[in-house]
file data06.txt (compact mmCIF, C-alpha atoms and all ligand atoms)
# COMPACT_ATOMS: atom_id res chain seq x y z
CA MET A 505 0.39 2.94 -24.92
CA SER A 506 -0.91 1.44 -28.11
CA GLN A 507 0.22 4.05 -30.60
CA ILE A 508 3.17 3.30 -32.81
CA GLN A 509 5.84 5.88 -32.23
CA THR A 510 8.85 6.44 -34.34
CA HIS A 511 11.73 7.83 -32.37
CA ASN A 512 11.33 11.56 -32.07
CA GLY A 513 11.52 12.06 -28.34
CA LYS A 514 7.83 11.40 -27.76
CA ALA A 515 8.56 7.91 -26.47
CA ALA A 516 10.52 9.19 -23.51
CA ALA A 517 7.81 11.63 -22.57
CA ALA A 518 5.06 9.01 -22.64
CA ALA A 519 3.52 7.95 -19.38
CA ARG A 520 6.53 8.86 -17.26
CA ASP A 521 4.52 8.65 -14.04
CA GLY A 522 4.50 4.89 -13.66
CA ALA A 523 7.94 4.37 -15.13
CA LEU A 524 10.30 2.14 -13.19
CA LEU A 525 13.09 2.70 -15.70
CA SER A 526 13.59 5.49 -18.23
CA ALA A 527 16.27 5.45 -20.88
CA LYS A 528 16.88 8.96 -22.14
CA ASN A 529 18.60 9.47 -25.45
CA ILE A 530 21.21 6.81 -24.78
CA SER A 531 24.03 6.19 -27.25
CA VAL A 532 27.04 3.88 -27.18
CA ARG A 533 29.90 3.88 -29.61
CA PHE A 534 32.46 1.09 -29.94
CA GLY A 535 35.17 2.54 -32.16
CA GLY A 536 33.47 3.12 -35.49
CA VAL A 537 30.27 1.25 -34.54
CA LEU A 538 27.38 3.23 -33.11
CA ALA A 539 25.81 0.22 -31.35
CA VAL A 540 23.03 2.28 -29.72
CA ASN A 541 22.01 5.59 -31.23
CA ASN A 542 19.86 8.07 -29.30
CA VAL A 543 17.44 5.51 -27.87
CA SER A 544 14.70 6.51 -25.41
CA PHE A 545 12.03 4.39 -23.76
CA ASP A 546 10.19 3.96 -20.47
CA VAL A 547 9.46 0.66 -18.77
CA GLN A 548 6.27 0.96 -16.71
CA ARG A 549 5.95 -0.79 -13.36
CA GLY A 550 4.36 -4.21 -13.68
CA GLU A 551 4.63 -4.54 -17.45
CA VAL A 552 6.52 -6.88 -19.75
CA PHE A 553 8.41 -4.63 -22.17
CA THR A 554 10.23 -6.36 -25.01
CA LEU A 555 13.06 -5.28 -27.29
CA ILE A 556 13.08 -6.94 -30.69
CA GLY A 557 15.26 -6.42 -33.73
CA PRO A 558 17.58 -8.26 -36.10
CA ASN A 559 20.99 -9.54 -35.02
CA GLY A 560 23.33 -6.70 -34.08
CA ALA A 561 20.48 -4.21 -33.56
CA GLY A 562 21.88 -3.17 -30.16
CA LYS A 563 19.47 -5.01 -27.84
CA THR A 564 22.06 -6.71 -25.60
CA THR A 565 24.05 -3.48 -25.54
CA VAL A 566 21.00 -1.75 -24.01
CA PHE A 567 20.95 -4.49 -21.33
CA ASN A 568 24.66 -4.01 -20.75
CA LEU A 569 24.06 -0.29 -20.23
CA ILE A 570 21.37 -1.00 -17.65
CA SER A 571 23.62 -3.56 -15.92
CA ARG A 572 26.38 -0.93 -15.94
CA ILE A 573 28.74 -3.22 -17.86
CA TYR A 574 29.07 -0.33 -20.35
CA ASN A 575 28.89 3.41 -19.85
CA PRO A 576 26.75 5.32 -22.32
CA THR A 577 28.61 7.62 -24.68
CA ALA A 578 25.65 10.00 -24.33
CA GLY A 579 22.32 10.06 -22.49
CA SER A 580 21.30 8.61 -19.15
CA ILE A 581 19.10 5.95 -17.56
CA GLU A 582 16.85 6.65 -14.59
CA TYR A 583 15.65 3.94 -12.26
CA GLU A 584 13.18 4.68 -9.47
CA GLY A 585 13.99 8.35 -9.81
CA ASN A 586 17.77 7.85 -9.48
CA VAL A 587 20.35 8.18 -12.21
CA LEU A 588 21.34 4.56 -12.76
CA THR A 589 24.21 5.47 -15.02
CA GLU A 590 25.95 7.11 -12.04
CA GLN A 591 25.80 3.90 -9.99
CA PRO A 592 28.76 1.51 -9.79
CA PRO A 593 28.09 -1.92 -11.36
CA HIS A 594 28.21 -3.76 -8.00
CA ARG A 595 25.21 -1.71 -6.75
CA ILE A 596 22.89 -2.90 -9.52
CA ALA A 597 21.74 -6.13 -7.85
CA SER A 598 21.06 -4.42 -4.53
CA LEU A 599 18.96 -1.80 -6.36
CA GLY A 600 16.65 -4.65 -7.39
CA ILE A 601 17.80 -5.33 -10.95
CA ALA A 602 18.56 -8.91 -11.97
CA ARG A 603 19.30 -10.41 -15.36
CA THR A 604 19.75 -13.56 -17.31
CA PHE A 605 22.28 -13.75 -20.13
CA GLN A 606 22.04 -14.51 -23.83
CA ASN A 607 24.53 -17.32 -23.10
CA ILE A 608 23.61 -18.98 -19.81
CA GLU A 609 25.88 -17.97 -16.92
CA LEU A 610 25.72 -20.43 -14.03
CA PHE A 611 28.16 -22.28 -11.81
CA GLU A 612 28.21 -25.46 -13.87
CA HIS A 613 29.89 -27.60 -11.21
CA ALA A 614 27.53 -26.66 -8.40
CA THR A 615 24.05 -27.99 -7.74
CA VAL A 616 20.85 -26.21 -8.70
CA LEU A 617 20.25 -25.44 -5.02
CA HIS A 618 23.71 -23.90 -4.62
CA ASN A 619 23.26 -21.77 -7.72
CA LEU A 620 19.96 -20.48 -6.37
CA MET A 621 21.46 -19.80 -2.93
CA ILE A 622 24.21 -17.77 -4.62
CA GLY A 623 21.39 -15.67 -6.08
CA ARG A 624 20.58 -14.62 -2.51
CA HIS A 625 24.05 -13.22 -1.97
CA THR A 626 22.92 -9.61 -2.56
CA HIS A 627 20.69 -9.81 0.51
CA HIS A 628 23.50 -10.76 2.92
CA ARG A 629 24.37 -7.58 4.74
CA SER A 630 26.06 -9.11 7.79
CA GLY A 631 29.73 -8.45 8.54
CA ILE A 632 32.52 -10.96 8.73
CA TRP A 633 32.35 -11.29 12.55
CA SER A 634 28.63 -12.02 12.66
CA GLN A 635 29.13 -14.60 9.94
CA MET A 636 32.03 -16.24 11.77
CA PHE A 637 30.03 -16.53 14.99
CA PHE A 638 26.82 -17.39 13.15
CA THR A 639 24.85 -14.77 15.08
CA LYS A 640 21.06 -14.62 15.30
CA SER A 641 20.82 -12.16 12.41
CA VAL A 642 22.97 -14.41 10.23
CA ARG A 643 20.80 -17.42 11.14
CA GLN A 644 17.67 -15.47 10.30
CA ALA A 645 19.11 -14.34 6.96
CA GLU A 646 19.95 -17.98 6.22
CA ILE A 647 16.40 -19.11 7.05
CA GLU A 648 14.95 -16.31 4.90
CA ALA A 649 17.28 -17.25 2.04
CA ARG A 650 16.17 -20.89 2.21
CA ARG A 651 12.52 -19.82 2.29
CA LYS A 652 12.92 -17.66 -0.80
CA VAL A 653 14.89 -20.32 -2.67
CA GLU A 654 12.23 -22.95 -1.89
CA GLN A 655 9.54 -20.56 -3.16
CA VAL A 656 11.41 -20.15 -6.46
CA ILE A 657 11.99 -23.93 -6.77
CA GLU A 658 8.25 -24.43 -6.30
CA LEU A 659 7.29 -21.66 -8.74
CA LEU A 660 9.56 -22.94 -11.51
CA ASP A 661 8.89 -26.62 -10.83
CA LEU A 662 12.55 -27.38 -10.18
CA GLN A 663 12.02 -29.84 -7.29
CA LYS A 664 13.38 -32.87 -9.09
CA HIS A 665 16.56 -31.06 -10.14
CA ARG A 666 17.42 -29.36 -6.84
CA ASP A 667 20.41 -31.60 -6.01
CA SER A 668 21.59 -32.11 -9.60
CA PHE A 669 24.80 -30.57 -10.86
CA VAL A 670 24.05 -27.89 -13.44
CA ALA A 671 26.59 -29.29 -15.92
CA GLY A 672 24.58 -32.52 -16.26
CA LEU A 673 21.24 -30.86 -16.93
CA PRO A 674 19.60 -30.43 -20.33
CA TYR A 675 19.93 -26.94 -21.85
CA GLY A 676 16.23 -26.17 -21.33
CA VAL A 677 16.44 -26.88 -17.59
CA ARG A 678 19.59 -24.80 -17.25
CA LYS A 679 17.67 -21.86 -18.79
CA VAL A 680 15.02 -22.23 -16.08
CA VAL A 681 17.69 -22.50 -13.35
CA GLU A 682 19.22 -19.23 -14.59
CA LEU A 683 15.81 -17.62 -14.43
CA GLY A 684 15.47 -18.98 -10.88
CA ARG A 685 18.88 -17.63 -9.88
CA ALA A 686 17.79 -14.16 -11.00
CA LEU A 687 14.45 -14.46 -9.16
CA CYS A 688 16.16 -15.42 -5.90
CA THR A 689 17.54 -11.88 -5.69
CA GLU A 690 13.88 -10.72 -5.42
CA PRO A 691 14.24 -8.20 -8.23
CA LYS A 692 11.91 -5.33 -9.01
CA LEU A 693 13.19 -5.33 -12.57
CA LEU A 694 14.11 -8.55 -14.34
CA LEU A 695 16.14 -8.37 -17.56
CA LEU A 696 15.77 -11.48 -19.73
CA ASP A 697 18.11 -11.68 -22.72
CA GLU A 698 16.56 -14.15 -25.18
CA PRO A 699 14.81 -16.44 -22.68
CA SER A 700 13.68 -18.82 -25.44
CA SER A 701 16.99 -19.19 -27.28
CA GLY A 702 17.93 -22.86 -27.51
CA LEU A 703 14.51 -24.01 -26.31
CA ASN A 704 12.13 -26.21 -28.29
CA VAL A 705 8.50 -25.22 -28.87
CA GLU A 706 7.24 -26.94 -25.72
CA GLU A 707 9.97 -25.43 -23.53
CA THR A 708 9.26 -22.01 -25.06
CA ASP A 709 5.59 -22.41 -24.09
CA ASP A 710 6.70 -23.20 -20.55
CA MET A 711 8.93 -20.12 -20.58
CA ALA A 712 5.94 -17.97 -21.59
CA PHE A 713 4.05 -19.45 -18.68
CA TRP A 714 6.87 -18.67 -16.20
CA ILE A 715 7.18 -15.10 -17.46
CA GLN A 716 3.44 -14.55 -17.04
CA ASP A 717 3.62 -16.00 -13.52
CA ILE A 718 6.58 -13.78 -12.65
CA LYS A 719 4.58 -10.76 -13.77
CA HIS A 720 1.24 -11.68 -12.22
CA GLU A 721 2.20 -13.63 -9.10
CA LEU A 722 5.44 -11.91 -8.12
CA GLY A 723 4.61 -8.46 -9.52
CA VAL A 724 8.06 -8.22 -11.10
CA THR A 725 8.55 -5.82 -14.03
CA VAL A 726 10.18 -7.56 -16.98
CA LEU A 727 12.39 -6.09 -19.70
CA MET A 728 13.03 -8.78 -22.28
CA VAL A 729 15.00 -9.23 -25.48
CA GLU A 730 13.47 -11.91 -27.66
CA HIS A 731 13.41 -13.19 -31.24
CA ASP A 732 10.56 -15.70 -30.96
CA MET A 733 7.50 -13.70 -31.99
CA THR A 734 5.04 -16.23 -30.58
CA LEU A 735 6.56 -15.73 -27.15
CA VAL A 736 6.79 -11.97 -27.68
CA SER A 737 3.08 -11.75 -28.58
CA LYS A 738 2.01 -13.97 -25.72
CA VAL A 739 3.71 -12.14 -22.87
CA SER A 740 4.54 -8.57 -23.92
CA ASP A 741 2.49 -5.52 -23.03
CA ARG A 742 4.61 -3.32 -25.27
CA VAL A 743 7.34 -3.90 -27.78
CA LEU A 744 10.13 -1.69 -29.01
CA ALA A 745 11.80 -2.58 -32.30
CA MET A 746 15.41 -1.61 -32.93
CA ASN A 747 17.59 -1.75 -35.99
CA GLN A 748 21.23 -0.74 -36.32
CA GLY A 749 21.16 0.88 -32.89
CA GLU A 750 18.06 2.98 -33.50
CA VAL A 751 14.42 2.79 -32.46
CA LEU A 752 12.18 1.81 -35.36
CA ALA A 753 8.79 1.52 -33.69
CA MET A 754 7.08 1.08 -30.36
CA GLY A 755 3.57 -0.21 -29.61
CA THR A 756 1.61 -3.40 -29.01
CA PRO A 757 3.18 -6.64 -30.27
CA ARG A 758 0.81 -6.73 -33.26
CA GLU A 759 1.38 -3.08 -34.17
CA VAL A 760 5.13 -3.46 -34.12
CA GLN A 761 5.22 -6.77 -35.99
CA THR A 762 3.18 -5.34 -38.85
CA HIS A 763 5.06 -2.04 -38.98
CA PRO A 764 6.59 -1.70 -42.48
CA GLY A 765 9.94 -0.47 -41.15
CA VAL A 766 10.19 -3.48 -38.85
CA ILE A 767 9.36 -5.93 -41.64
CA GLU A 768 11.91 -4.23 -43.85
CA ALA A 769 14.58 -4.36 -41.14
CA TYR A 770 14.09 -8.05 -40.47
CA LEU A 771 13.92 -9.50 -43.92
CA GLY A 772 12.80 -7.00 -46.47
CA THR A 773 10.57 -9.60 -48.04
CA VAL A 774 7.95 -10.94 -45.64
CA GLU A 775 4.58 -9.38 -44.90
CA ASP A 776 4.45 -10.41 -41.28
CA VAL A 777 7.26 -11.08 -38.82
CA SER A 778 4.94 -12.76 -36.33
CA SER A 779 5.99 -16.22 -37.47
CA LEU A 780 9.70 -15.68 -36.75
CA ARG A 781 11.08 -18.38 -34.52
CA ARG A 782 14.51 -19.52 -33.50
CA GLU A 783 15.62 -22.75 -35.09
CA VAL A 784 16.87 -25.18 -32.49
CA SER A 785 19.40 -27.92 -32.99
CA GLY A 786 19.14 -30.70 -30.37
CA ASP A 787 20.36 -29.64 -26.97
CA GLY A 788 22.41 -26.65 -27.92
CA PRO A 789 21.91 -22.94 -28.42
CA PRO A 790 20.05 -21.51 -31.41
CA LEU A 791 21.63 -21.65 -34.82
CA ALA A 792 19.81 -18.96 -36.71
CA THR A 793 16.65 -16.97 -36.96
CA LYS A 794 14.40 -18.94 -39.26
CA ALA A 795 12.67 -17.10 -42.04
CA PRO A 796 9.03 -17.83 -42.78
CA SER A 797 8.49 -19.64 -46.06
CA GLY A 798 9.62 -17.63 -49.02
CA GLY A 799 11.85 -15.26 -47.05
CA SER A 800 15.59 -15.32 -46.77
CA ALA A 801 16.98 -16.01 -43.32
CA ALA A 802 18.12 -13.13 -41.20
CA ALA A 803 21.79 -13.06 -40.27
CA PRO A 804 22.76 -15.89 -37.91
CA ALA A 805 22.95 -15.15 -34.22
CA ALA A 806 26.62 -14.52 -33.73
CA ASN A 807 26.18 -13.34 -30.13
CA VAL A 808 28.66 -10.64 -30.91
CA GLY A 809 29.50 -8.59 -27.90
CA ALA A 810 26.90 -10.43 -25.85
CA ARG A 811 27.49 -11.20 -22.22
N1 LIG B 1 32.04 -4.78 -26.59
C1 LIG B 1 31.83 -4.48 -27.87
N2 LIG B 1 32.84 -4.04 -28.65
C2 LIG B 1 32.65 -3.73 -29.95
N3 LIG B 1 31.47 -3.82 -30.57
C3 LIG B 1 30.42 -4.26 -29.86
C4 LIG B 1 30.55 -4.62 -28.47
N4 LIG B 1 29.33 -5.02 -28.02
C5 LIG B 1 28.50 -4.92 -29.07
N5 LIG B 1 29.16 -4.47 -30.16
C6 LIG B 1 28.56 -4.21 -31.47
O1 LIG B 1 27.37 -3.49 -31.26
C7 LIG B 1 26.35 -3.91 -32.15
C8 LIG B 1 25.14 -4.35 -31.36
O2 LIG B 1 25.43 -5.57 -30.68
P1 LIG B 1 24.40 -6.27 -29.70
O3 LIG B 1 25.10 -7.44 -29.09
O4 LIG B 1 23.85 -5.27 -28.77
O5 LIG B 1 23.26 -6.75 -30.71
P2 LIG B 1 21.93 -7.57 -30.42
O6 LIG B 1 20.79 -6.74 -30.89
O7 LIG B 1 21.91 -8.05 -29.02
O8 LIG B 1 22.09 -8.79 -31.45
P3 LIG B 1 21.73 -10.36 -31.31
O9 LIG B 1 20.29 -10.51 -31.65
O10 LIG B 1 22.61 -11.02 -32.31
O11 LIG B 1 22.05 -10.79 -29.91
C9 LIG B 1 26.97 -4.99 -33.03
O12 LIG B 1 27.42 -4.40 -34.21
C10 LIG B 1 28.12 -5.49 -32.20
O13 LIG B 1 29.13 -6.00 -33.03
MG MG B 2 21.97 -9.88 -28.13

call {"tool": "encode", "arguments": {"input": "data06.txt", "output": "structure tokens", "more": "lines below"}}
Ligand SMILES: Nc1ncnc2c1ncn2[C@@H]1O[C@H](COP(=O)(O)OP(=O)(O)OP(=O)(O)O)[C@@H](O)[C@H]1O
Ligand SMILES: [Mg+2]
result
Amino acid sequence: MSQIQTHNGKAAAAARDGALLSAKNISVRFGGVLAVNNVSFDVQRGEVFTLIGPNGAGKTTVFNLISRIYNPTAGSIEYEGNVLTEQPPHRIASLGIARTFQNIELFEHATVLHNLMIGRHTHHRSGIWSQMFFTKSVRQAEIEARRKVEQVIELLDLQKHRDSFVAGLPYGVRKVVELGRALCTEPKLLLLDEPSSGLNVEETDDMAFWIQDIKHELGVTVLMVEHDMTLVSKVSDRVLAMNQGEVLAMGTPREVQTHPGVIEAYLGTVEDVSSLRREVSGDGPPLATKAPSGGSAAAPAANVGAR
């Protein structure tokens, strides 16, 4: 779909056939805050679909609805023809949905290899007795797990870090390990919450490369939240812009970035949001969204309510 659509229900109806995930009129209220307000969108199989929007727009809340961390106040989400919002949270991984977090979530005092093996946990279906006696099926599952983990290590070029403890790794490598941990679950749908946050320009380029590989080589559908418009433009098939919980526009990266409502929502002053990047301080997480010259900076990333 290349047409800009303001939210009037048309978005949900568009191209439903190939949709892996459909959000239908979802809303979430936290006390007096309507964090997500009547949002609808479809994520087509095989695409990279990106949510953009200023801080507090409701992007992570949409992820938390899909992950079943929150229940919608209204609306529903369908995934592969099933109502996802009726599923218990612990079923999400086994349905083929994996995610990375806005703030990295890894076992810091375990090695990279162990963190990736933990990512395989959802595939272990054997009972306690077969595990105790290390039966043939358990052995086979273990071999399969190692094979998958090695494939991910190879794909993400993590060989030299495999036996390193996560806590001692640079931030940029930890971001890639978290991506790897999610991939080890062999997801159909991968949710990436700000994959470039805290990364420098070179690491962000690498991240764009991994995301393209994940799409093309593994055939995984990606739903991403991202602030770095260079990355967004490079990897996204379609973009949905949110502001204050609502859909502002949906279309190609270029269409959305030049949409007047989107420009207004971000800064109110710039003519093009395509140059927005995260400002990175040393090894740590991002400090703020940097405004292009002449514009005032958008509100700092407070990670409010983010998981
Ligand atoms: N658990 C919660 N309790 C109360 N309010 C919440 C909760 N989670 C999110 N919010 C509020 O919902 C709104 C949307 O937050 P959300 O984290 O989804 O924004 P975001 O678009 O991901 O922003 P950012 O770019 O800063 O990560 C904010 O006003 C936030 O304060
Ligand atoms: Mg967020």

call {"tool": "closest_residue", "arguments": {"input": "data06.txt", "among": "A:Val532, A:Ala561, A:Met621, A:Ile601", "to": "His731 of chain A", "atoms": "only C-alpha atoms"}}
result
A:Ala561

call {"tool": "closest_residue", "arguments": {"input": "data06.txt", "among": "A:Leu555, A:Val537, A:Leu687, A:Ile715", "to": "ligand MG 2 (chain B)", "atoms": "all atoms listed in the file"}}
result
A:Leu555

call {"tool": "residues_around", "arguments": {"input": "data06.txt", "residues": "Pro691 of chain A", "least_positions_apart": "4", "cutoff": "10 Å", "atoms": "only C-alpha atoms", "output": "number ranges by chain"}}
result
A: 597-603, 686-687, 695, 722-726

call {"tool": "closest_residue", "arguments": {"input": "data06.txt", "among": "A:Asp697, A:Glu721, A:Asp709, A:Asp741", "to": "ligand MG 2 (chain B)", "atoms": "all atoms listed in the file"}}
result
A:Asp697

call {"tool": "atom_distance", "arguments": {"input": "data06.txt", "atom1": "atom CA of Ile718 of chain A", "atom2": "atom CA of Arg742 of chain A"}}
result
16.5 Å
